[in-house]
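Engineer: So here's start_15.cif, just mmCIF, C-alpha atoms:
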data_final
#
loop_
_atom_site.label_atom_id
_atom_site.label_comp_id
_atom_site.auth_asym_id
_atom_site.auth_seq_id
_atom_site.Cartn_x
_atom_site.Cartn_y
_atom_site.Cartn_z
CA MET A 1 -1.06 10.62 -28.45
CA ALA A 2 -2.14 13.39 -26.14
CA HIS A 3 -0.52 16.80 -26.45
CA PRO A 4 0.89 18.39 -23.28
CA VAL A 5 -1.68 19.54 -20.68
CA GLN A 6 -4.45 17.93 -22.72
CA LEU A 7 -7.66 17.67 -20.70
CA GLY A 8 -10.16 16.24 -23.17
CA LEU A 9 -10.34 13.12 -25.26
CA GLN A 10 -7.97 12.56 -28.17
CA ASP A 11 -9.30 13.00 -31.70
CA ALA A 12 -11.15 9.98 -33.00
CA THR A 13 -9.64 7.57 -35.49
CA SER A 14 -12.54 5.14 -35.62
CA PRO A 15 -16.31 5.60 -35.96
CA VAL A 16 -16.94 4.15 -32.49
CA MET A 17 -14.64 6.69 -30.90
CA GLU A 18 -16.45 9.48 -32.76
CA GLU A 19 -19.70 8.28 -31.20
CA LEU A 20 -18.07 8.16 -27.79
CA ILE A 21 -16.76 11.71 -28.14
CA THR A 22 -20.21 13.00 -29.15
CA PHE A 23 -21.82 11.21 -26.23
CA HIS A 24 -19.16 12.55 -23.88
CA ASP A 25 -19.88 16.07 -25.08
CA GLN A 26 -23.63 15.65 -24.57
CA ALA A 27 -23.28 14.16 -21.08
CA LEU A 28 -20.75 16.83 -20.10
CA MET A 29 -23.08 19.60 -21.30
CA ALA A 30 -25.92 18.10 -19.23
CA MET A 31 -23.58 18.01 -16.22
CA PHE A 32 -22.49 21.63 -16.72
CA LEU A 33 -26.10 22.81 -16.97
CA ILE A 34 -27.12 20.99 -13.81
CA SER A 35 -24.08 22.19 -11.88
CA PHE A 36 -24.65 25.78 -12.98
CA LEU A 37 -28.30 25.57 -11.96
CA ILE A 38 -27.36 24.27 -8.51
CA LEU A 39 -24.72 26.97 -8.13
CA TYR A 40 -27.27 29.62 -9.02
CA ALA A 41 -29.86 28.19 -6.62
CA LEU A 42 -27.27 28.03 -3.85
CA SER A 43 -26.02 31.57 -4.34
CA SER A 44 -29.53 33.02 -4.56
CA THR A 45 -30.54 31.15 -1.39
CA LEU A 46 -27.56 32.62 0.45
CA THR A 47 -28.07 36.19 -0.71
CA THR A 48 -31.84 36.67 -0.62
CA LYS A 49 -33.68 38.85 1.85
CA LEU A 50 -36.95 36.85 1.47
CA THR A 51 -37.17 34.34 4.31
CA ASN A 52 -40.03 32.31 5.76
CA THR A 53 -39.46 30.12 8.77
CA ASN A 54 -42.90 28.44 8.65
CA ILE A 55 -42.65 26.42 5.43
CA THR A 56 -43.77 22.83 6.04
CA ASP A 57 -44.00 21.27 2.56
CA ALA A 58 -43.71 22.09 -1.11
CA GLN A 59 -45.48 19.42 -3.14
CA GLU A 60 -45.09 21.03 -6.57
CA MET A 61 -41.35 21.56 -6.15
CA GLU A 62 -40.89 17.99 -5.00
CA THR A 63 -42.79 16.67 -8.03
CA ILE A 64 -40.63 18.70 -10.39
CA TRP A 65 -37.35 17.69 -8.85
CA THR A 66 -38.31 14.05 -9.05
CA ILE A 67 -39.49 14.00 -12.64
CA LEU A 68 -36.84 16.27 -14.16
CA PRO A 69 -33.75 14.32 -12.97
CA ALA A 70 -35.39 11.03 -13.97
CA VAL A 71 -36.01 12.37 -17.48
CA ILE A 72 -32.46 13.72 -17.72
CA LEU A 73 -31.04 10.36 -16.65
CA ILE A 74 -33.14 8.49 -19.21
CA LEU A 75 -31.96 10.89 -21.91
CA ILE A 76 -28.35 10.14 -20.93
CA ALA A 77 -28.86 6.39 -20.56
CA LEU A 78 -30.40 5.71 -23.97
CA PRO A 79 -27.47 6.93 -26.11
CA SER A 80 -25.08 5.31 -23.68
CA LEU A 81 -26.68 1.89 -24.08
CA ARG A 82 -26.86 2.35 -27.84
CA ILE A 83 -23.13 2.96 -28.01
CA LEU A 84 -22.46 0.10 -25.62
CA TYR A 85 -24.19 -2.37 -27.91
CA MET A 86 -22.54 -0.79 -30.94
CA THR A 87 -19.06 -1.35 -29.57
CA ASP A 88 -19.81 -5.05 -29.20
CA GLU A 89 -20.75 -5.67 -32.80
CA ILE A 90 -18.59 -7.95 -34.88
CA ASN A 91 -19.04 -6.83 -38.46
CA ASN A 92 -17.07 -9.37 -40.45
CA PRO A 93 -13.44 -8.48 -39.80
CA SER A 94 -11.06 -9.03 -42.71
CA PHE A 95 -8.00 -9.57 -40.60
CA THR A 96 -7.14 -11.10 -37.23
CA ILE A 97 -4.12 -10.27 -35.10
CA LYS A 98 -3.19 -11.73 -31.75
CA SER A 99 -1.78 -9.55 -29.04
CA ILE A 100 -0.24 -11.28 -26.05
CA GLY A 101 0.79 -9.40 -22.95
CA HIS A 102 3.87 -10.33 -21.01
CA GLN A 103 5.75 -8.78 -18.18
CA TRP A 104 6.64 -6.22 -19.55
CA TYR A 105 6.20 -6.22 -23.33
CA TRP A 106 3.67 -7.20 -25.98
CA THR A 107 3.90 -9.97 -28.55
CA TYR A 108 2.01 -9.58 -31.82
CA GLU A 109 1.17 -12.54 -34.02
CA TYR A 110 0.09 -12.09 -37.62
CA THR A 111 -0.90 -15.63 -38.48
CA ASP A 112 -3.61 -15.12 -41.09
CA TYR A 113 -1.37 -15.31 -44.12
CA GLY A 114 1.82 -17.02 -43.11
CA GLY A 115 3.44 -16.49 -39.76
CA LEU A 116 4.90 -13.30 -38.41
CA ILE A 117 5.47 -13.11 -34.68
CA PHE A 118 7.44 -10.38 -32.95
CA ASN A 119 7.87 -8.70 -29.60
CA SER A 120 7.29 -5.03 -28.94
CA TYR A 121 9.46 -3.54 -26.19
CA MET A 122 9.49 0.06 -25.08
CA LEU A 123 12.50 2.05 -26.28
CA PRO A 124 14.61 2.99 -23.24
CA PRO A 125 15.19 6.76 -23.03
CA LEU A 126 18.85 6.34 -23.95
CA PHE A 127 17.87 4.73 -27.25
CA LEU A 128 15.44 7.42 -28.38
CA ASN A 129 15.98 9.31 -31.62
CA PRO A 130 15.46 13.10 -31.70
CA GLY A 131 11.74 13.80 -31.93
CA ASP A 132 10.70 10.50 -30.34
CA LEU A 133 8.29 10.39 -27.44
CA ARG A 134 9.73 9.33 -24.10
CA LEU A 135 8.13 6.22 -22.56
CA LEU A 136 5.85 5.83 -25.58
CA GLU A 137 8.01 4.62 -28.43
CA VAL A 138 8.58 0.92 -29.10
CA ASP A 139 11.07 -0.94 -31.20
CA ASN A 140 8.50 -2.81 -33.31
CA ARG A 141 5.13 -1.23 -33.94
CA VAL A 142 1.90 -3.08 -34.74
CA VAL A 143 1.31 -2.32 -38.39
CA LEU A 144 -2.34 -2.40 -39.39
CA PRO A 145 -4.42 -1.39 -42.41
CA ILE A 146 -6.93 1.44 -42.44
CA GLU A 147 -10.54 1.24 -43.64
CA ALA A 148 -10.72 -2.52 -43.03
CA PRO A 149 -12.28 -4.09 -39.94
CA VAL A 150 -9.47 -5.60 -37.87
CA ARG A 151 -10.07 -8.17 -35.15
CA MET A 152 -7.64 -8.17 -32.20
CA MET A 153 -7.48 -11.28 -30.03
CA ILE A 154 -5.93 -10.31 -26.76
CA THR A 155 -4.61 -12.48 -24.00
CA SER A 156 -1.79 -12.61 -21.54
CA GLN A 157 0.91 -15.07 -20.78
CA ASP A 158 1.44 -14.23 -17.13
CA VAL A 159 -0.56 -11.55 -15.28
CA LEU A 160 -3.35 -9.13 -16.15
CA HIS A 161 -2.55 -6.45 -18.70
CA SER A 162 -4.79 -4.24 -20.81
CA TRP A 163 -4.33 -3.36 -24.47
CA THR A 164 -5.35 0.25 -25.02
CA ILE A 165 -5.37 2.75 -27.84
CA PRO A 166 -7.49 5.75 -26.73
CA THR A 167 -7.83 7.36 -30.14
CA LEU A 168 -9.39 4.18 -31.53
CA GLY A 169 -11.64 3.83 -28.51
CA LEU A 170 -10.08 0.50 -27.54
CA LYS A 171 -9.39 -0.88 -24.11
CA THR A 172 -9.42 -4.63 -23.69
CA ASP A 173 -8.05 -6.56 -20.75
CA ALA A 174 -5.44 -9.21 -21.38
CA VAL A 175 -6.43 -12.02 -19.01
CA PRO A 176 -4.22 -15.10 -18.65
CA GLY A 177 -6.08 -18.20 -19.72
CA ARG A 178 -8.77 -16.23 -21.57
CA LEU A 179 -9.05 -14.89 -25.09
CA ASN A 180 -10.72 -11.50 -25.42
CA GLN A 181 -11.78 -10.06 -28.73
CA THR A 182 -12.10 -6.52 -29.92
CA VAL A 183 -12.80 -5.20 -33.40
CA PHE A 184 -12.04 -1.82 -34.84
CA THR A 185 -11.97 0.04 -38.15
CA ALA A 186 -9.52 2.90 -38.48
CA THR A 187 -10.45 5.82 -40.69
CA ARG A 188 -7.13 7.58 -41.23
CA PRO A 189 -3.46 6.56 -41.37
CA GLY A 190 -0.98 7.56 -38.72
CA VAL A 191 0.89 6.43 -35.64
CA TYR A 192 -1.23 6.03 -32.53
CA TYR A 193 -0.07 5.41 -29.00
CA GLY A 194 -1.51 3.70 -25.96
CA GLN A 195 -0.22 2.38 -22.66
CA CYS A 196 -0.84 -0.79 -20.72
CA SER A 197 -3.92 -0.15 -18.60
CA GLU A 198 -3.90 -2.85 -15.94
CA ILE A 199 -1.34 -2.91 -13.15
CA CYS A 200 1.09 -5.68 -13.91
CA GLY A 201 4.20 -5.18 -11.85
CA ALA A 202 7.26 -3.02 -11.72
CA ASN A 203 7.32 -1.93 -15.37
CA HIS A 204 3.59 -1.53 -15.88
CA SER A 205 4.10 2.07 -17.02
CA PHE A 206 6.81 1.03 -19.45
CA MET A 207 5.07 -1.30 -21.89
CA PRO A 208 3.34 0.97 -24.39
CA ILE A 209 1.39 0.01 -27.49
CA VAL A 210 2.12 1.75 -30.79
CA ALA A 211 -0.13 1.13 -33.78
CA GLU A 212 1.09 2.23 -37.18
CA LEU A 213 -1.89 2.44 -39.51
CA ILE A 214 -1.02 2.40 -43.19
CA PRO A 215 -3.14 2.37 -46.37
CA LEU A 216 -4.63 -0.99 -47.22
CA LYS A 217 -2.83 -1.23 -50.58
CA ILE A 218 0.56 -0.89 -48.94
CA PHE A 219 -0.40 -3.31 -46.18
CA GLU A 220 -1.42 -5.92 -48.74
CA MET A 221 2.04 -5.90 -50.27
CA GLY A 222 3.13 -8.08 -47.41
CA PRO A 223 5.39 -7.81 -44.41
CA VAL A 224 7.90 -5.37 -45.84
CA PHE A 225 8.21 -4.05 -42.34
CA THR A 226 9.83 -7.14 -40.87
CA LEU A 227 12.50 -6.90 -38.26
CA MET B 228 -48.74 -3.33 1.15
CA LEU B 229 -50.39 -1.91 -1.97
CA HIS B 230 -53.05 -0.30 0.25
CA GLN B 231 -50.33 1.38 2.23
CA ILE B 232 -48.67 2.72 -0.91
CA ILE B 233 -51.94 4.05 -2.30
CA GLY B 234 -52.76 5.66 1.06
CA GLN B 235 -49.40 7.39 1.22
CA ALA B 236 -49.71 8.53 -2.40
CA LYS B 237 -53.08 10.17 -1.68
CA LYS B 238 -51.64 12.04 1.28
CA HIS B 239 -48.49 13.17 -0.54
CA PRO B 240 -49.27 13.33 -4.26
CA SER B 241 -45.76 14.51 -5.03
CA LEU B 242 -44.60 10.96 -4.28
CA ILE B 243 -46.41 9.51 -7.30
CA PRO B 244 -43.65 10.26 -9.84
CA LEU B 245 -41.13 8.71 -7.47
CA LEU B 246 -43.19 5.53 -7.24
CA VAL B 247 -43.62 5.45 -11.02
CA PHE B 248 -39.92 5.78 -11.79
CA ILE B 249 -38.71 3.46 -9.05
CA GLY B 250 -41.40 0.94 -9.96
CA ALA B 251 -40.57 1.08 -13.66
CA GLY B 252 -36.84 0.82 -12.96
CA GLY B 253 -37.19 -2.08 -10.57
CA THR B 254 -39.58 -3.92 -12.88
CA GLY B 255 -37.28 -3.34 -15.84
CA ALA B 256 -34.27 -4.62 -13.92
CA GLY B 257 -36.18 -7.68 -12.77
CA LEU B 258 -37.43 -8.47 -16.27
CA TYR B 259 -33.94 -8.08 -17.74
CA LEU B 260 -32.57 -10.39 -15.08
CA LEU B 261 -35.26 -12.92 -15.99
CA ARG B 262 -34.36 -12.60 -19.66
CA LEU B 263 -30.70 -13.20 -18.86
CA ALA B 264 -31.54 -16.24 -16.72
CA LEU B 265 -33.72 -17.82 -19.39
CA PHE B 266 -32.21 -16.82 -22.72
CA ASN B 267 -28.54 -16.08 -22.17
CA PRO B 268 -26.44 -18.77 -23.87
CA ASP B 269 -23.92 -18.64 -21.02
CA VAL B 270 -26.54 -19.96 -18.57
CA SER B 271 -27.29 -23.67 -18.27
CA TRP B 272 -29.93 -24.75 -15.75
CA ASP B 273 -29.91 -28.42 -16.65
CA GLY B 274 -26.31 -29.56 -16.77
CA LYS B 275 -27.08 -33.12 -17.76
CA ASN B 276 -29.49 -32.62 -20.65
CA HIS B 277 -28.46 -29.24 -21.99
CA PRO B 278 -24.76 -28.73 -21.38
CA ASP B 279 -22.83 -26.06 -23.30
CA PRO B 280 -25.73 -23.99 -24.66
CA TRP B 281 -23.16 -21.62 -26.14
CA ASN B 282 -22.23 -24.29 -28.63
CA LYS B 283 -25.74 -24.48 -30.04
CA LEU B 284 -25.99 -20.91 -31.36
CA GLY B 285 -26.59 -20.42 -35.06
CA PRO B 286 -25.13 -17.46 -36.96
CA ASP B 287 -28.52 -15.78 -37.18
CA ASP B 288 -29.28 -16.01 -33.45
CA GLN B 289 -29.39 -12.65 -31.79
CA TYR B 290 -28.74 -13.24 -28.11
CA LYS B 291 -28.10 -9.61 -27.24
CA PHE B 292 -30.85 -7.28 -26.19
CA TYR B 293 -30.32 -4.73 -28.93
CA SER B 294 -28.48 -4.88 -32.21
CA MET B 295 -27.84 -1.57 -33.87
CA ASN B 296 -26.07 -2.17 -37.18
CA VAL B 297 -25.93 -5.91 -37.71
CA ASP B 298 -29.07 -7.56 -39.10
CA HIS B 299 -28.77 -10.96 -37.54
CA SER B 300 -31.38 -12.69 -39.67
CA LYS B 301 -29.24 -12.12 -42.75
CA LEU B 302 -26.00 -13.67 -41.48
CA LYS B 303 -24.84 -17.02 -42.79
CA ASN B 304 -22.68 -19.70 -41.31
CA GLU B 305 -19.22 -19.46 -42.80
CA GLY B 306 -17.49 -22.25 -40.91
CA PRO B 307 -17.96 -25.97 -41.31
CA ASP B 308 -20.90 -27.73 -39.66
CA PHE B 309 -19.98 -30.04 -36.83
#
Output the file's structure in the form of structure tokens.

Structural biologist:
Amino acid sequence: MAHPVQLGLQDATSPVMEELITFHDQALMAMFLISFLILYALSSTLTTKLTNTNITDAQEMETIWTILPAVILILIALPSLRILYMTDEINNPSFTIKSIGHQWYWTYEYTDYGGLIFNSYMLPPLFLNPGDLRLLEVDNRVVLPIEAPVRMMITSQDVLHSWTIPTLGLKTDAVPGRLNQTVFTATRPGVYYGQCSEICGANHSFMPIVAELIPLKIFEMGPVFTL
Amino acid sequence: MLHQIIGQAKKHPSLIPLLVFIGAGGTGAGLYLLRLALFNPDVSWDGKNHPDPWNKLGPDDQYKFYSMNVDHSKLKNEGPDF
């Protein structure tokens, strides 16, 4: 989850998110450089004593400020497209879980090996334990293994929702009547939070997603985490 | 039209990079659109003879423009044939 007054992205828990953070840093640096250049040009234009009121054209300057932005944009677009195609790759997931959005909770179905289906409601503030996060904790977390590709099939039973976990780089819309797929591989264990990301009614802000990522060996021991 | 463009470019040579980039971008977008129209398995031009082209993909078909990690020619079909 984000710490208070956090401005940047959360730390990555999957290789795709690491790529996204690196790309974000590169694009942000390009933006800062361009903005600083413009600020410098603006301030020097406003404070210079050299003026000429008879300038009609400036061919060399125009050539430069056409080519340079085009090159910068290409240098930003190529990594962006590379990551875009990378996020869409399905690399043989070992495990499939269904996530179904309702108003206003999630249902998770583990049907690969036997059937385990449960609902995940937000914990109301009155039910929180000391140390819990307000509006982020749920009663039943999605328990998933690390270091194994996991496929999430996401849909909705009523209106649009969106299943999000920022630290894994996941955001997939839950569309009624449609099955969306997303795949991720987590690199470290922990508890990771996300919130529904598509407006879905009165309690849209109160249906969070909590993923508890545990080592694969413990996960394979079976659903010891049942209700 | 081409004459006009060449005439303008001679008078204002600083416009040549603009024409190059806009031309390349527009051509690229048009070609990609053509590729989508002809090769995308979601598109079916002939509904009677070739319905459901998305059902006729093999596991080693790469329908995306660029594949970074997955080598599509090496994949095998794991499900049953139907």

Engineer: Kindly indicate which residue among A:Ala2, A:Tyr85, A:Thr45, A:Leu50 lies nearest to chain B, using all atoms listed in the file for the distances.

Structural biologist: A:Tyr85

Engineer: How would you write, as an NGL selection string, the residues chosen by the PyMOL selection byres ((chain B) within 8 of (chain A)) on this structure?

Structural biologist: :B and (239-242 or 244-245 or 248 or 293-297)

Engineer: Could you state the separation of atom CA of Phe292 of chain B and atom CA of Gly252 of chain B in Å, given to one decimal place?

Structural biologist: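 Distance between the two atoms: 16.6 Å.
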
Engineer: Using Å and a single decimal, report how far atom CA of Thr254 of chain B sits from atom CA of Leu20 of chain A.

Structural biologist: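 Interatomic distance here is 28.8 Å.
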
Engineer: Evaluate the PyMOL selection byres ((chain A and resi 187-201) around 8) here and jot the selected residues down as a ChimeraX atom specification.

Structural biologist: /A:1,13-15,103-104,136,146-147,159-167,171,173,185-186,202-215

Engineer: Could you tell me how far atom CA of Gly234 of chain B lies from atom CA of Gly250 of chain B, in Å and to one decimal?

Structural biologist: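 Result for atom CA of Gly234 of chain B versus atom CA of Gly250 of chain B: 16.5 Å, one decimal.
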
Engineer: For Tyr113 of chain A, work out the shell of residues within 12 Å, counting only C-alpha atoms and skipping chain neighbours fewer than 4 positions away, then give it as a ChimeraX atom specification.

Structural biologist: /A:94-97,109,117,220-223
